[in-house]
Structure formats: C-alpha cells, structure tokens
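*Asks:* File upload-v6.cif below, mmCIF, C-alpha atoms:
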data_final
loop_
_atom_site.label_atom_id
_atom_site.label_comp_id
_atom_site.auth_asym_id
_atom_site.auth_seq_id
_atom_site.Cartn_x
_atom_site.Cartn_y
_atom_site.Cartn_z
CA MET L 1 116.60 109.63 108.79
CA LYS L 2 113.72 112.04 109.13
CA MET L 3 110.81 110.84 111.25
CA PRO L 4 107.24 111.47 110.04
CA PHE L 5 106.34 113.22 113.30
CA THR L 6 108.08 115.68 115.56
CA SER L 7 106.00 115.99 118.71
CA THR L 8 103.77 114.09 121.10
CA ASN L 9 100.77 116.02 119.76
CA GLU L 10 101.44 114.69 116.27
CA ILE L 11 101.70 111.13 117.56
CA THR L 12 98.40 111.61 119.40
CA ALA L 13 96.84 112.95 116.20
CA ILE L 14 98.05 109.90 114.27
CA ALA L 15 96.54 107.61 116.92
CA ALA L 16 93.30 109.59 116.87
CA SER L 17 93.10 109.31 113.08
CA CYS L 18 92.84 105.55 113.49
CA PHE L 19 89.29 105.84 114.87
CA PRO L 20 87.58 107.29 111.77
CA LEU L 21 89.66 104.96 109.61
CA ALA L 22 88.45 102.04 111.71
CA ARG L 23 84.81 103.08 111.24
CA ALA L 24 85.35 103.39 107.48
CA ALA L 25 87.07 100.00 107.42
CA ALA L 26 84.22 98.40 109.36
CA THR L 27 81.72 99.86 106.91
CA GLY L 28 83.81 98.63 103.98
CA ILE L 29 83.91 95.15 105.46
CA GLU L 30 80.15 95.13 106.00
CA GLN L 31 79.30 96.61 102.60
CA ASP L 32 81.92 95.14 100.27
CA VAL L 33 83.51 92.10 101.87
CA LEU L 34 81.14 89.90 103.85
CA ASP L 35 79.07 88.65 100.93
CA LEU L 36 82.12 88.05 98.71
CA VAL L 37 84.48 85.89 100.80
CA ALA L 38 84.48 82.26 101.95
CA PRO L 39 82.80 81.29 105.26
CA GLU L 40 85.91 81.19 107.49
CA PRO L 41 87.34 84.55 106.36
CA LYS L 42 83.78 85.90 106.57
CA ARG L 43 83.57 84.95 110.28
CA GLN L 44 86.93 86.59 110.94
CA ALA L 45 85.93 89.69 108.97
CA LYS L 46 82.67 90.00 110.93
CA LYS L 47 84.59 89.73 114.20
CA LEU L 48 87.10 92.34 113.02
CA ALA L 49 84.34 94.71 111.85
CA ALA L 50 82.63 94.46 115.24
CA GLN L 51 85.85 95.27 117.06
CA LEU L 52 86.64 98.17 114.75
CA GLN L 53 83.11 99.54 115.07
CA GLY L 54 83.36 99.25 118.85
CA GLY L 55 86.58 101.27 118.91
CA ALA L 56 88.77 98.40 120.11
CA ILE L 57 91.39 99.25 117.51
CA PHE L 58 94.41 99.12 119.80
CA ASP L 59 93.51 95.72 121.28
CA LYS L 60 95.99 92.91 120.92
CA GLY L 61 95.50 90.93 117.74
CA ILE L 62 93.84 93.65 115.65
CA LEU L 63 96.93 94.14 113.47
CA ALA L 64 97.13 90.39 112.85
CA MET L 65 93.44 90.24 111.96
CA LEU L 66 93.85 93.16 109.56
CA HIS L 67 96.89 91.52 108.01
CA ASP L 68 95.02 88.25 107.49
CA LEU L 69 91.99 89.94 105.94
CA ILE L 70 94.20 92.02 103.66
CA GLY L 71 95.82 88.79 102.46
CA VAL L 72 92.43 87.20 101.78
CA LEU L 73 91.22 90.25 99.86
CA ASP L 74 94.44 90.48 97.89
CA ALA L 75 94.06 86.84 96.79
CA GLU L 76 90.39 87.35 95.87
CA ILE L 77 91.23 90.47 93.87
CA ALA L 78 94.04 88.66 92.05
CA GLU L 79 91.58 85.90 91.17
CA GLY L 80 89.11 88.49 89.87
CA THR L 81 91.66 90.27 87.70
CA PHE L 82 91.90 89.38 84.05
CA VAL L 83 93.79 90.76 81.09
CA GLU L 84 91.93 91.81 77.99
CA THR L 85 93.99 91.58 74.85
CA CYS L 86 93.49 94.53 72.53
CA TYR L 87 94.41 94.32 68.86
CA ASP L 88 95.34 97.09 66.48
CA HIS L 89 95.94 96.05 62.89
CA SER L 90 95.27 99.47 61.43
CA PRO L 91 97.76 100.90 58.94
CA GLU L 92 98.27 103.88 61.25
CA ASN L 93 99.82 101.61 63.88
CA VAL L 94 103.52 101.78 63.06
CA SER L 95 104.74 100.05 66.23
CA ASP L 96 106.08 96.53 66.33
CA ASN L 97 103.31 95.56 68.75
CA ARG L 98 99.92 94.84 67.26
CA THR L 99 98.47 93.78 70.62
CA TRP L 100 98.59 94.94 74.21
CA GLY L 101 97.06 93.80 77.46
CA LYS L 102 94.65 95.80 79.55
CA ALA L 103 94.07 94.61 83.12
CA SER L 104 90.45 94.65 84.22
CA LEU L 105 88.62 93.65 87.39
CA THR L 106 85.41 91.77 87.82
CA ARG L 107 82.66 93.70 89.61
CA ASP L 108 83.29 91.72 92.82
CA ALA L 109 87.05 92.31 92.68
CA ASP L 110 86.40 96.01 92.17
CA ARG L 111 84.19 96.09 95.28
CA LEU L 112 86.91 94.34 97.27
CA THR L 113 89.49 96.93 96.20
CA ASN L 114 87.34 99.64 97.80
CA ALA L 115 87.54 97.90 101.17
CA LEU L 116 91.17 96.89 100.69
CA THR L 117 92.30 100.49 100.25
CA VAL L 118 90.87 101.58 103.61
CA LEU L 119 92.09 98.42 105.37
CA ILE L 120 95.65 99.00 104.16
CA GLU L 121 95.57 102.63 105.29
CA LEU L 122 94.25 101.59 108.71
CA TYR L 123 96.86 98.84 108.98
CA ALA L 124 99.71 101.23 108.13
CA THR L 125 98.51 103.89 110.56
CA LEU L 126 97.93 101.42 113.40
CA ALA L 127 101.33 99.83 112.76
CA ALA L 128 102.98 103.26 112.98
CA VAL L 129 101.30 103.94 116.33
CA HIS L 130 102.37 100.52 117.65
CA ASP L 131 105.93 101.14 116.44
CA VAL L 132 106.07 104.47 118.26
CA LEU L 133 104.75 102.89 121.46
CA ARG L 134 107.28 100.05 121.23
CA ALA L 135 110.08 102.52 120.63
CA GLU L 136 109.04 104.62 123.63
CA LYS L 137 108.91 101.50 125.81
CA ALA L 138 112.34 100.37 124.63
CA LEU L 139 113.83 103.81 125.27
CA GLU L 140 112.27 103.89 128.71
CA GLY L 141 113.93 100.55 129.49
CA LEU L 142 117.29 101.82 128.23
CA ARG L 143 117.02 104.98 130.30
CA THR L 144 116.26 103.12 133.50
CA ALA L 145 119.10 100.69 132.86
CA ALA L 146 121.61 103.51 132.25
#
Render the structure in this file as structure tokens.

*Replies:*
Amino acid sequence: MKMPFTSTNEITAIAASCFPLARAAATGIEQDVLDLVAPEPKRQAKKLAAQLQGGAIFDKGILAMLHDLIGVLDAEIAEGTFVETCYDHSPENVSDNRTWGKASLTRDADRLTNALTVLIELYATLAAVHDVLRAEKALEGLRTAA
C-alpha cells in the first residue's frame, strides 16, 4: 500500500494546511450555518467556530465536534433536497422514459453545502494527521518493547 506522504516535512505540511482550512471552516460556519440550524447544534457550531478561529484545531474533541456538525449539516441538506420531475412528450423523444428526475437544493441547503465541503476537507485532513501521530506513538511503543 502506498502512503500519501513520504517524509516528515510532508506530514508537517499536511498539519500546517489544517490552519487555513480551519479559518475557512470557521468563516463558513459563521456565514452559512449559524442562522440555518436548530439552537443546540447552533451552540455547538459557535463553540467549534471559536476554537477553529483560535487555532485550537488539534485539541481533544475537535474531530468529534466536526463529525457531529457534518452529520447535522448532512441531515439539513437532505431535508432541503427535492426532486423535480421533468416531462418530455415530444415526438422527438424516442426513449421509453417520458420523465426523469432532477435533484435540486433549496437556497438554504445550497448555503449549507458550501460550509459542508470545507468542513469535510478539514475533517479528513485533521483525521490524517491524528492517524499519523497515533501510528508514530504505536511504533515508538513497539520499538521500546523490542
């Protein structure tokens, strides 16, 4: 299996890339999420945005908070997604299907997808950094035991 990085410098660069992603995610939360979610997720999102803005991205619990908010946004987007049925009864349509569905988003769901995209990227990048750190710690323990 090929690993996505080959040196300590690359791992450091991945970790460093989390900071601008965190600022973008905090902005997305403030601009596109806070006025569109229920009160309890809103409180959690505000808390997360403050931590991300403050650079506390590697603190314990940040991944769980991101995961929870991503779940909330995903549910809200699913609720704001509807299928428009399009009809084509023209003589030029020679297919067996005279209708097809076109998925569309409400304006609010579309705004939430903007924030969701950055949150997922931040989550994936942070998770990769945490995985590398856990792997290094496990290897260190194996080396000292050997």

*Asks:* For the file shown, report as number ranges by chain the outcome of the PyMOL selection byres ((chain L and resi 75-89) around 9) at residue level.

*Replies:* L: 36-37, 70-74, 90-93, 97-110, 112-113

*Asks:* I would like the residues chosen by the PyMOL selection byres ((chain L and resi 129-135) around 12) on the shown file; could you give them as a compact mmCIF listing (two decimals) with C-alpha atoms, in the coordinates of the input?

*Replies:*
# COMPACT_ATOMS: atom_id res chain seq x y z
CA MET L 3 110.81 110.84 111.25
CA PRO L 4 107.24 111.47 110.04
CA PHE L 5 106.34 113.22 113.30
CA THR L 6 108.08 115.68 115.56
CA SER L 7 106.00 115.99 118.71
CA THR L 8 103.77 114.09 121.10
CA GLU L 10 101.44 114.69 116.27
CA ILE L 11 101.70 111.13 117.56
CA THR L 12 98.40 111.61 119.40
CA ALA L 13 96.84 112.95 116.20
CA ILE L 14 98.05 109.90 114.27
CA ALA L 15 96.54 107.61 116.92
CA ALA L 16 93.30 109.59 116.87
CA SER L 17 93.10 109.31 113.08
CA CYS L 18 92.84 105.55 113.49
CA ILE L 57 91.39 99.25 117.51
CA PHE L 58 94.41 99.12 119.80
CA ASP L 59 93.51 95.72 121.28
CA LYS L 60 95.99 92.91 120.92
CA GLY L 61 95.50 90.93 117.74
CA ILE L 62 93.84 93.65 115.65
CA LEU L 63 96.93 94.14 113.47
CA LEU L 122 94.25 101.59 108.71
CA TYR L 123 96.86 98.84 108.98
CA ALA L 124 99.71 101.23 108.13
CA THR L 125 98.51 103.89 110.56
CA LEU L 126 97.93 101.42 113.40
CA ALA L 127 101.33 99.83 112.76
CA ALA L 128 102.98 103.26 112.98
CA GLU L 136 109.04 104.62 123.63
CA LYS L 137 108.91 101.50 125.81
CA ALA L 138 112.34 100.37 124.63
CA LEU L 139 113.83 103.81 125.27
CA GLU L 140 112.27 103.89 128.71
CA GLY L 141 113.93 100.55 129.49
CA LEU L 142 117.29 101.82 128.23

*Asks:* Quick check, in Å to one decimal: how far apart do CA of Gly55 in chain L and CA of Arg43 in chain L lie?

*Replies:*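 Going from CA of Gly55 in chain L over to CA of Arg43 in chain L, I get 18.7 Å.
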
*Asks:* So how many Å separate CA of Glu30 in chain L and CA of Ile120 in chain L, to one decimal?

*Replies:* 16.1 Å

*Asks:* Do you know which residues the PyMOL selection byres ((chain L and resi 27) around 12) returns on this file, as an mmCIF file with C-alpha atoms, in the frame of the given file?

*Replies:*
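The resulting file, expr35.cif, is shown below:
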data_model
loop_
_atom_site.group_PDB
_atom_site.id
_atom_site.type_symbol
_atom_site.label_atom_id
_atom_site.label_comp_id
_atom_site.auth_asym_id
_atom_site.auth_seq_id
_atom_site.Cartn_x
_atom_site.Cartn_y
_atom_site.Cartn_z
ATOM 1 C CA PRO L 20 87.580 107.290 111.770
ATOM 2 C CA LEU L 21 89.660 104.960 109.610
ATOM 3 C CA ALA L 22 88.450 102.040 111.710
ATOM 4 C CA ARG L 23 84.810 103.080 111.240
ATOM 5 C CA ALA L 24 85.350 103.390 107.480
ATOM 6 C CA ALA L 25 87.070 100.000 107.420
ATOM 7 C CA ALA L 26 84.220 98.400 109.360
ATOM 8 C CA GLY L 28 83.810 98.630 103.980
ATOM 9 C CA ILE L 29 83.910 95.150 105.460
ATOM 10 C CA GLU L 30 80.150 95.130 106.000
ATOM 11 C CA GLN L 31 79.300 96.610 102.600
ATOM 12 C CA ASP L 32 81.920 95.140 100.270
ATOM 13 C CA VAL L 33 83.510 92.100 101.870
ATOM 14 C CA LEU L 34 81.140 89.900 103.850
ATOM 15 C CA ALA L 45 85.930 89.690 108.970
ATOM 16 C CA LYS L 46 82.670 90.000 110.930
ATOM 17 C CA LEU L 48 87.100 92.340 113.020
ATOM 18 C CA ALA L 49 84.340 94.710 111.850
ATOM 19 C CA ALA L 50 82.630 94.460 115.240
ATOM 20 C CA GLN L 51 85.850 95.270 117.060
ATOM 21 C CA LEU L 52 86.640 98.170 114.750
ATOM 22 C CA GLN L 53 83.110 99.540 115.070
ATOM 23 C CA ASN L 114 87.340 99.640 97.800
ATOM 24 C CA ALA L 115 87.540 97.900 101.170
ATOM 25 C CA LEU L 116 91.170 96.890 100.690
ATOM 26 C CA VAL L 118 90.870 101.580 103.610
ATOM 27 C CA LEU L 119 92.090 98.420 105.370
#

*Asks:* If I take CA of Arg111 in chain L and CA of Pro41 in chain L, how far is one from the other in Å, to one decimal?

*Replies:*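 According to the coordinates, CA of Arg111 in chain L and CA of Pro41 in chain L are separated by 16.3 Å.
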